[in-house]
$ cat data-v5.txt   # compact mmCIF, C-alpha atoms
# COMPACT_ATOMS: atom_id res chain seq x y z
CA MET A 1 0.00 0.00 0.00
CA THR A 2 1.31 3.39 -0.93
CA ARG A 3 0.64 6.27 1.43
CA ILE A 4 1.77 9.88 1.90
CA LEU A 5 5.23 10.33 0.47
CA VAL A 6 7.86 11.21 3.07
CA PRO A 7 11.55 11.68 2.22
CA LEU A 8 13.48 8.45 2.79
CA MET A 9 16.20 10.31 4.73
CA ILE A 10 13.66 11.03 7.49
CA CYS A 11 12.81 7.34 7.75
CA THR A 12 16.50 6.38 7.83
CA SER A 13 17.17 8.97 10.54
CA LEU A 14 14.32 7.64 12.67
CA LEU A 15 15.58 4.08 12.23
CA THR A 16 19.04 5.20 13.37
CA VAL A 17 17.61 6.80 16.51
CA ALA A 18 15.58 3.68 17.25
CA SER A 19 18.68 1.52 16.77
CA GLU A 20 20.73 3.67 19.16
CA GLN A 21 17.98 3.51 21.78
CA ALA A 22 17.79 -0.26 21.44
CA ASN A 23 21.58 -0.55 21.89
CA ARG A 24 21.47 1.57 25.05
CA SER A 25 18.49 -0.01 26.69
CA GLY A 26 18.44 -3.55 25.29
CA GLN A 27 15.26 -5.36 24.41
CA VAL A 28 12.20 -3.12 24.31
CA LYS A 29 9.76 -4.27 26.99
CA PRO A 30 6.47 -2.93 28.25
CA SER A 31 6.92 -0.91 31.43
CA SER A 32 3.67 -2.13 32.95
CA PRO A 33 1.08 -4.83 32.33
CA ALA A 34 -1.07 -4.26 29.30
CA THR A 35 -4.71 -3.75 30.06
CA ILE A 36 -7.98 -3.89 28.25
CA GLU A 37 -10.84 -2.27 30.07
CA ASP A 38 -14.51 -1.85 29.32
CA PRO A 39 -14.93 -0.06 26.96
CA LEU A 40 -12.12 -1.74 25.09
CA ILE A 41 -9.01 0.30 24.51
CA GLU A 42 -7.97 1.04 20.97
CA ASP A 43 -4.55 0.35 19.52
CA PRO A 44 -2.00 3.07 20.41
CA PRO A 45 -2.56 6.33 18.48
CA ALA A 46 0.20 7.92 16.42
CA SER A 47 0.04 11.01 18.62
CA SER A 48 1.50 9.06 21.58
CA PRO A 49 5.00 7.89 20.55
CA ALA A 50 5.87 6.72 24.07
CA ARG A 51 2.77 4.59 24.22
CA LEU A 52 3.64 2.99 20.92
CA ARG A 53 6.69 1.52 22.62
CA THR A 54 5.18 0.58 25.98
CA ALA A 55 1.56 -0.44 25.58
CA THR A 56 0.34 -3.80 24.42
CA PRO A 57 -2.28 -3.25 21.73
CA ALA A 58 -5.62 -5.01 21.83
CA SER A 59 -4.44 -6.90 18.73
CA TYR A 60 -1.65 -8.68 20.66
CA VAL A 61 -2.00 -12.43 20.07
CA ILE A 62 -1.80 -14.59 23.21
CA GLY A 63 0.75 -17.38 22.95
CA LEU A 64 1.64 -20.60 24.76
CA GLN A 65 3.24 -20.01 28.17
CA ASP A 66 2.02 -16.41 28.35
CA VAL A 67 0.70 -15.55 31.82
CA VAL A 68 -2.58 -13.61 31.81
CA LYS A 69 -4.12 -11.81 34.77
CA ILE A 70 -7.91 -11.64 34.77
CA THR A 71 -10.07 -9.20 36.72
CA VAL A 72 -13.85 -9.43 36.87
CA PHE A 73 -15.07 -6.20 38.42
CA ASP A 74 -17.22 -6.45 41.57
CA GLU A 75 -16.33 -10.15 41.79
CA PRO A 76 -13.40 -10.48 44.28
CA ASP A 77 -13.27 -14.27 43.98
CA LEU A 78 -12.71 -13.95 40.22
CA SER A 79 -10.22 -11.09 40.32
CA GLY A 80 -6.48 -10.76 40.57
CA GLN A 81 -5.62 -14.37 39.69
CA SER A 82 -2.92 -15.21 37.15
CA TYR A 83 -3.16 -18.07 34.66
CA ARG A 84 -0.45 -19.57 32.48
CA VAL A 85 -1.52 -20.65 29.01
CA ASP A 86 -0.91 -24.39 28.89
CA ALA A 87 0.63 -26.40 26.08
CA ASP A 88 -2.85 -27.08 24.69
CA GLY A 89 -3.50 -23.33 24.46
CA MET A 90 -6.01 -23.24 27.32
CA ILE A 91 -6.29 -21.91 30.87
CA THR A 92 -8.32 -23.27 33.77
CA PHE A 93 -10.64 -20.53 35.03
CA TRP A 94 -12.87 -20.95 38.08
CA LEU A 95 -16.56 -21.32 37.17
CA LEU A 96 -15.81 -21.83 33.49
CA GLY A 97 -13.24 -24.61 33.60
CA ARG A 98 -11.00 -24.91 30.55
CA VAL A 99 -11.05 -21.83 28.32
CA SER A 100 -9.15 -21.49 25.05
CA ALA A 101 -6.76 -18.52 24.98
CA ALA A 102 -3.80 -19.13 22.65
CA GLY A 103 -4.20 -17.70 19.18
CA LEU A 104 -6.73 -15.11 20.32
CA THR A 105 -6.03 -11.42 20.54
CA LEU A 106 -6.45 -9.80 23.94
CA ARG A 107 -9.65 -8.23 22.66
CA GLN A 108 -11.03 -11.59 21.49
CA PHE A 109 -10.07 -13.36 24.71
CA GLN A 110 -11.75 -10.73 26.82
CA GLU A 111 -14.93 -11.00 24.75
CA ARG A 112 -14.87 -14.80 25.11
CA LEU A 113 -14.65 -14.54 28.89
CA LYS A 114 -17.47 -11.99 29.02
CA GLU A 115 -19.74 -14.15 26.86
CA GLN A 116 -19.13 -17.30 28.88
CA LEU A 117 -19.52 -15.56 32.26
CA ALA A 118 -22.76 -13.97 31.06
CA ASN A 119 -24.10 -17.39 30.12
CA GLY A 120 -25.74 -18.22 33.43
CA TYR A 121 -23.08 -16.99 35.85
CA ILE A 122 -22.84 -13.18 36.08
CA LYS A 123 -25.18 -10.52 34.74
CA ASN A 124 -23.37 -8.05 32.47
CA PRO A 125 -19.82 -8.98 33.57
CA GLN A 126 -17.09 -6.36 33.25
CA VAL A 127 -13.73 -7.96 32.53
CA ARG A 128 -10.16 -6.74 32.27
CA VAL A 129 -7.26 -8.81 30.92
CA ASP A 130 -3.60 -8.09 31.63
CA ILE A 131 -0.53 -9.75 30.16
CA GLU A 132 1.54 -10.39 33.28
CA GLN A 133 4.36 -12.37 31.67
CA TYR A 134 5.25 -12.80 28.04
CA LYS A 135 6.59 -15.98 26.55
CA SER A 136 9.75 -15.78 24.46
CA GLN A 137 8.81 -14.90 20.90
CA SER A 138 10.71 -14.39 17.67
CA ILE A 139 10.35 -12.52 14.43
CA TYR A 140 12.61 -12.68 11.38
CA VAL A 141 14.01 -9.94 9.18
CA PHE A 142 15.55 -10.88 5.83
CA GLY A 143 16.76 -9.08 2.73
CA GLU A 144 18.42 -5.70 2.43
CA VAL A 145 19.23 -5.05 6.09
CA ARG A 146 22.65 -4.96 7.72
CA GLN A 147 22.02 -7.75 10.23
CA PRO A 148 19.39 -10.14 8.82
CA GLY A 149 18.08 -13.04 10.89
CA ARG A 150 16.09 -13.88 14.00
CA ILE A 151 15.13 -11.17 16.49
CA SER A 152 13.86 -12.07 19.96
CA MET A 153 10.69 -10.35 21.06
CA MET A 154 9.15 -10.17 24.51
CA GLY A 155 5.71 -8.65 24.30
CA THR A 156 5.26 -6.26 21.40
CA LYS A 157 7.50 -4.81 18.73
CA THR A 158 6.74 -2.44 15.89
CA LEU A 159 8.00 -2.81 12.35
CA LEU A 160 10.22 0.25 12.80
CA GLU A 161 11.79 -1.21 15.96
CA ALA A 162 12.43 -4.55 14.24
CA LEU A 163 14.19 -2.87 11.30
CA ALA A 164 16.31 -0.83 13.70
CA GLU A 165 17.39 -3.97 15.57
CA ALA A 166 18.29 -5.57 12.24
CA GLY A 167 20.76 -2.75 11.65
CA SER A 168 18.36 -0.71 9.48
CA PRO A 169 17.89 -1.10 5.70
CA THR A 170 20.92 -0.80 3.41
CA SER A 171 21.29 1.88 0.78
CA GLN A 172 20.06 -0.65 -1.79
CA ALA A 173 16.81 -1.38 0.05
CA SER A 174 13.36 -0.72 -1.30
CA THR A 175 11.07 1.57 0.68
CA GLU A 176 8.37 -1.11 0.53
CA VAL A 177 8.68 -4.11 2.83
CA THR A 178 6.55 -7.24 3.04
CA ILE A 179 5.39 -8.82 6.31
CA THR A 180 4.34 -12.47 6.09
CA HIS A 181 2.49 -14.18 8.91
CA ALA A 182 3.35 -17.79 8.15
CA LEU A 183 0.50 -20.29 8.44
CA GLY A 184 1.02 -22.52 11.44
CA SER A 185 4.04 -20.54 12.61
CA ASN A 186 5.29 -21.60 16.02
CA GLY A 187 8.38 -19.45 16.32
CA GLY A 188 10.65 -22.11 14.86
CA ALA A 189 13.52 -21.51 12.46
CA GLN A 190 12.53 -19.72 9.29
CA THR A 191 14.28 -19.13 6.01
CA ALA A 192 14.19 -16.29 3.52
CA ASP A 193 11.82 -18.20 1.28
CA SER A 194 9.44 -16.03 -0.72
CA SER A 195 7.19 -19.08 -1.23
CA ILE A 196 6.24 -19.28 2.47
CA GLU A 197 2.48 -19.33 2.75
CA GLY A 198 0.55 -16.87 4.85
CA ASP A 199 -1.14 -13.51 4.85
CA LYS A 200 1.08 -10.78 3.45
CA THR A 201 1.03 -7.05 4.13
CA VAL A 202 3.08 -4.47 2.25
CA VAL A 203 4.11 -1.36 4.20
CA ASP A 204 5.71 1.69 2.60
CA LEU A 205 8.43 2.96 4.94
CA ARG A 206 7.92 6.46 3.63
CA ASP A 207 4.71 6.36 5.61
CA LEU A 208 6.34 6.62 9.03
CA GLN A 209 3.00 6.48 10.83
CA ALA A 210 2.26 3.05 9.34
CA ALA A 211 5.74 1.74 10.20
CA GLN A 212 5.43 2.97 13.80
CA GLN A 213 1.96 1.56 14.32
CA TYR A 214 2.42 -1.82 12.63
CA PHE A 215 2.83 -4.32 15.49
CA LEU A 216 4.49 -7.62 14.64
CA ASN A 217 3.39 -11.01 15.95
CA ASP A 218 5.34 -14.09 16.92
CA GLY A 219 6.73 -15.81 13.82
CA ASP A 220 6.21 -12.86 11.47
CA ILE A 221 8.71 -12.63 8.62
CA VAL A 222 9.78 -9.18 7.44
CA THR A 223 11.31 -9.13 3.97
CA VAL A 224 13.14 -6.03 2.76
CA PRO A 225 13.65 -6.41 -1.00
CA LYS A 226 16.32 -4.75 -3.07
CA ALA A 227 15.15 -1.50 -4.58
CA GLN A 228 14.12 -1.55 -8.21
CA THR A 229 15.90 0.89 -10.50
CA PHE A 230 15.67 2.66 -13.83
CA PHE A 231 18.32 4.22 -16.08
CA ILE A 232 18.13 7.67 -17.60
CA GLY A 233 20.53 9.03 -20.20
CA GLY A 234 20.86 11.63 -22.90
CA GLU A 235 20.34 15.31 -22.25
CA VAL A 236 20.20 15.22 -18.44
CA ARG A 237 22.96 16.51 -16.20
CA ASN A 238 23.70 13.19 -14.48
CA ASN A 239 23.26 10.09 -16.61
CA GLY A 240 22.91 6.89 -14.58
CA SER A 241 20.76 4.47 -12.61
CA TYR A 242 18.31 5.68 -9.95
CA VAL A 243 16.06 4.03 -7.38
CA TRP A 244 12.54 3.61 -8.72
CA GLN A 245 9.67 4.79 -6.51
CA ARG A 246 6.06 3.92 -7.06
CA GLY A 247 4.27 6.59 -9.07
CA ILE A 248 7.41 8.41 -10.21
CA THR A 249 6.87 10.40 -13.42
CA LEU A 250 9.27 11.25 -16.22
CA ALA A 251 9.52 14.84 -14.94
CA GLN A 252 10.45 13.59 -11.46
CA ALA A 253 12.97 11.15 -12.92
CA VAL A 254 14.64 14.00 -14.80
CA THR A 255 14.78 16.00 -11.58
CA LEU A 256 16.55 13.10 -9.87
CA ALA A 257 19.08 13.16 -12.69
CA GLY A 258 19.86 16.83 -12.07
CA GLY A 259 17.43 18.28 -14.58
CA LEU A 260 17.67 18.86 -18.31
CA THR A 261 20.83 20.19 -19.89
CA ASP A 262 20.72 23.52 -21.71
CA ARG A 263 19.88 21.65 -24.90
CA GLY A 264 17.57 19.02 -23.37
CA THR A 265 13.86 18.69 -24.12
CA PHE A 266 11.04 16.43 -23.01
CA ARG A 267 9.81 16.32 -26.58
CA GLY A 268 10.47 12.91 -28.11
CA ALA A 269 11.50 11.31 -24.81
CA SER A 270 11.26 7.52 -24.83
CA ALA A 271 11.97 4.44 -22.73
CA THR A 272 13.10 1.00 -23.68
CA ARG A 273 10.82 -1.23 -21.64
CA LEU A 274 10.29 -4.97 -21.27
CA VAL A 275 6.76 -5.92 -22.34
CA ASN A 276 5.92 -9.62 -22.18
CA GLY A 277 9.61 -10.34 -21.94
CA LYS A 278 10.53 -8.35 -25.06
CA PRO A 279 12.13 -4.89 -25.24
CA VAL A 280 9.92 -2.26 -26.86
CA GLU A 281 10.30 1.49 -27.23
CA VAL A 282 7.63 3.56 -25.45
CA LYS A 283 7.10 7.28 -25.97
CA LEU A 284 6.91 9.30 -22.76
CA ASP A 285 5.39 12.64 -21.83
CA GLU A 286 6.41 14.59 -18.71
CA LEU A 287 3.61 13.18 -16.55
CA ASP A 288 3.85 9.58 -17.76
CA LYS A 289 4.83 7.01 -15.16
CA VAL A 290 8.25 5.37 -15.17
CA VAL A 291 8.31 1.63 -14.52
CA PRO A 292 11.11 -0.47 -13.01
CA ASN A 293 14.03 -1.29 -15.35
CA ASP A 294 13.10 1.42 -17.85
CA THR A 295 16.00 2.78 -19.90
CA ILE A 296 15.00 6.38 -20.60
CA LYS A 297 16.45 8.58 -23.32
CA ILE A 298 16.11 12.36 -23.24
CA ASN A 299 16.66 14.02 -26.63
CA ARG A 300 18.43 17.22 -27.61
CA ARG A 301 16.26 20.02 -28.99
CA LEU A 302 17.01 21.11 -32.50
CA PHE A 303 17.17 24.86 -31.85
$ encode --input "data-v5.txt" --output "structure tokens"
Amino acid sequence: MTRILVPLMICTSLLTVASEQANRSGQVKPSSPATIEDPLIEDPPASSPARLRTATPASYVIGLQDVVKITVFDEPDLSGQSYRVDADGMITFWLLGRVSAAGLTLRQFQERLKEQLANGYIKNPQVRVDIEQYKSQSIYVFGEVRQPGRISMMGTKTLLEALAEAGSPTSQASTEVTITHALGSNGGAQTADSSIEGDKTVVDLRDLQAAQQYFLNDGDIVTVPKAQTFFIGGEVRNNGSYVWQRGITLAQAVTLAGGLTDRGTFRGASATRLVNGKPVEVKLDELDKVVPNDTIKINRRLF
């Protein structure tokens, strides 16, 4: 998904700051138990950067060996107890017996408890769920980063934090990264295999808000591909290859190349482009889109 365009240098700077903070403080951990109250909390807003790093969003997925703390308001016997998620993904909760928890988000688990308690036990129960202890989790970052591989995660981690811990993207990296949530992932060893099945999300790093707010889950695979390029030559000041960005026009490409020379003109501009595997020549106007691997030629005006 392509969002508001933000200069890549800003994103790189923010990644550097995040990396330095991670080196000074170690693994990013929540400073207090995450809570979901009634009404349910929403995921952290972009206007609260500190909260992005400390709060567990309602979309956090409960895993095996997590310890959850459950509070049922106005019911002292059902409040303040902690429950470890067993190997079968369930907890044993008084009144209800075995309740499935693993694989549910905090929001979903809270709703499940409320529904079951309301079914003949408590009228209109008000429930809060805290994550008291996190199990050890892992995510994986592959591709054009300086330190690809497995990254340990306790609790929550944003996409931006994960990239910072992987050493940040290289100069050859694309601004668009893909996050794959592998089907049946259990935190085991993963490989940089583009054929891995699972839901995929594409995030444009130029949209810093999206990168800051995208929370990763256990077993997620972040792939940073190499940037696609195009070549521009002829009557521009700096002939050469440049990083392609989605939506870039011929006029913008010429600007990247330093602008037209004194004799340059957009009239008659063309690109050699692969179409169905064969090179063809395509005429371009100033506002026409450039595509990856284009070889653009800017002509000299006659007068």
$ closest_residue --input "data-v5.txt" --among "A:Ile91, A:Val222, A:Val202, A:Val127" --to "Asp74 of chain A" --atoms "all atoms listed in the file"
A:Val127
$ closest_residue --input "data-v5.txt" --among "A:Asn239, A:Ser168, A:Asn119, A:Thr71" --to "Val141 of chain A" --atoms "all atoms listed in the file"
A:Ser168
$ atom_distance --input "data-v5.txt" --atom1 "atom CA of Asp88 of chain A" --atom2 "atom CA of Gly103 of chain A"
11.0 Å
$ atom_distance --input "data-v5.txt" --atom1 "atom CA of Ala162 of chain A" --atom2 "atom CA of Leu205 of chain A"
12.6 Å
$ closest_residue --input "data-v5.txt" --among "A:Pro292, A:Gly247, A:Pro125, A:Gly167" --to "Glu144 of chain A" --atoms "all atoms listed in the file"
A:Gly167
$ atom_distance --input "data-v5.txt" --atom1 "atom CA of Asp220 of chain A" --atom2 "atom CA of Ala58 of chain A"
17.6 Å
$ residues_around --input "data-v5.txt" --residues "Thr265 of chain A" --least-positions-apart "5" --cutoff "12 Å" --atoms "only C-alpha atoms" --output "PyMOL selection string"
chain A and resi 234-236+250-251+254+259-260+270+284-286+297-303
$ closest_residue --input "data-v5.txt" --among "A:Lys123, A:Arg107, A:Arg206, A:Lys135" --to "Leu64 of chain A" --atoms "only C-alpha atoms"
A:Lys135
$ closest_residue --input "data-v5.txt" --among "A:Ala253, A:Met90, A:Leu274, A:Ala101" --to "Val290 of chain A" --atoms "only C-alpha atoms"
A:Ala253
$ build_atoms --input "data-v5.txt" --residues "segment 231-248 of chain A" --atoms "N, CA and C atoms" --output "tab-separated table (two decimals), in the coordinates of the input"
chain	number	residue	atom	x	y	z
A	231	PHE	N	17.16	3.49	-15.55
A	231	PHE	CA	18.32	4.22	-16.08
A	231	PHE	C	17.81	5.38	-16.92
A	232	ILE	N	18.47	6.52	-16.78
A	232	ILE	CA	18.13	7.67	-17.60
A	232	ILE	C	19.40	8.26	-18.19
A	233	GLY	N	19.36	8.51	-19.50
A	233	GLY	CA	20.53	9.03	-20.20
A	233	GLY	C	20.13	10.04	-21.25
A	234	GLY	N	21.12	10.60	-21.90
A	234	GLY	CA	20.86	11.63	-22.90
A	234	GLY	C	21.08	13.01	-22.32
A	235	GLU	N	20.17	13.91	-22.63
A	235	GLU	CA	20.34	15.31	-22.25
A	235	GLU	C	19.82	15.61	-20.83
A	236	VAL	N	20.38	14.89	-19.85
A	236	VAL	CA	20.20	15.22	-18.44
A	236	VAL	C	21.59	15.43	-17.85
A	237	ARG	N	21.65	16.11	-16.73
A	237	ARG	CA	22.96	16.51	-16.20
A	237	ARG	C	23.73	15.34	-15.58
A	238	ASN	N	23.02	14.32	-15.12
A	238	ASN	CA	23.70	13.19	-14.48
A	238	ASN	C	23.12	11.88	-14.99
A	239	ASN	N	23.71	11.37	-16.08
A	239	ASN	CA	23.26	10.09	-16.61
A	239	ASN	C	23.55	8.98	-15.59
A	240	GLY	N	22.63	8.01	-15.48
A	240	GLY	CA	22.91	6.89	-14.58
A	240	GLY	C	21.66	6.19	-14.11
A	241	SER	N	21.86	5.23	-13.18
A	241	SER	CA	20.76	4.47	-12.61
A	241	SER	C	20.25	5.14	-11.34
A	242	TYR	N	18.93	5.06	-11.12
A	242	TYR	CA	18.31	5.68	-9.95
A	242	TYR	C	17.29	4.71	-9.36
A	243	VAL	N	17.04	4.88	-8.07
A	243	VAL	CA	16.06	4.03	-7.38
A	243	VAL	C	14.66	4.40	-7.84
A	244	TRP	N	13.93	3.39	-8.28
A	244	TRP	CA	12.54	3.61	-8.72
A	244	TRP	C	11.64	3.70	-7.51
A	245	GLN	N	10.68	4.64	-7.55
A	245	GLN	CA	9.67	4.79	-6.51
A	245	GLN	C	8.31	4.74	-7.17
A	246	ARG	N	7.39	4.08	-6.49
A	246	ARG	CA	6.06	3.92	-7.06
A	246	ARG	C	5.45	5.27	-7.40
A	247	GLY	N	4.94	5.38	-8.64
A	247	GLY	CA	4.27	6.59	-9.07
A	247	GLY	C	5.18	7.66	-9.64
A	248	ILE	N	6.49	7.40	-9.71
A	248	ILE	CA	7.41	8.41	-10.21
A	248	ILE	C	7.13	8.70	-11.69
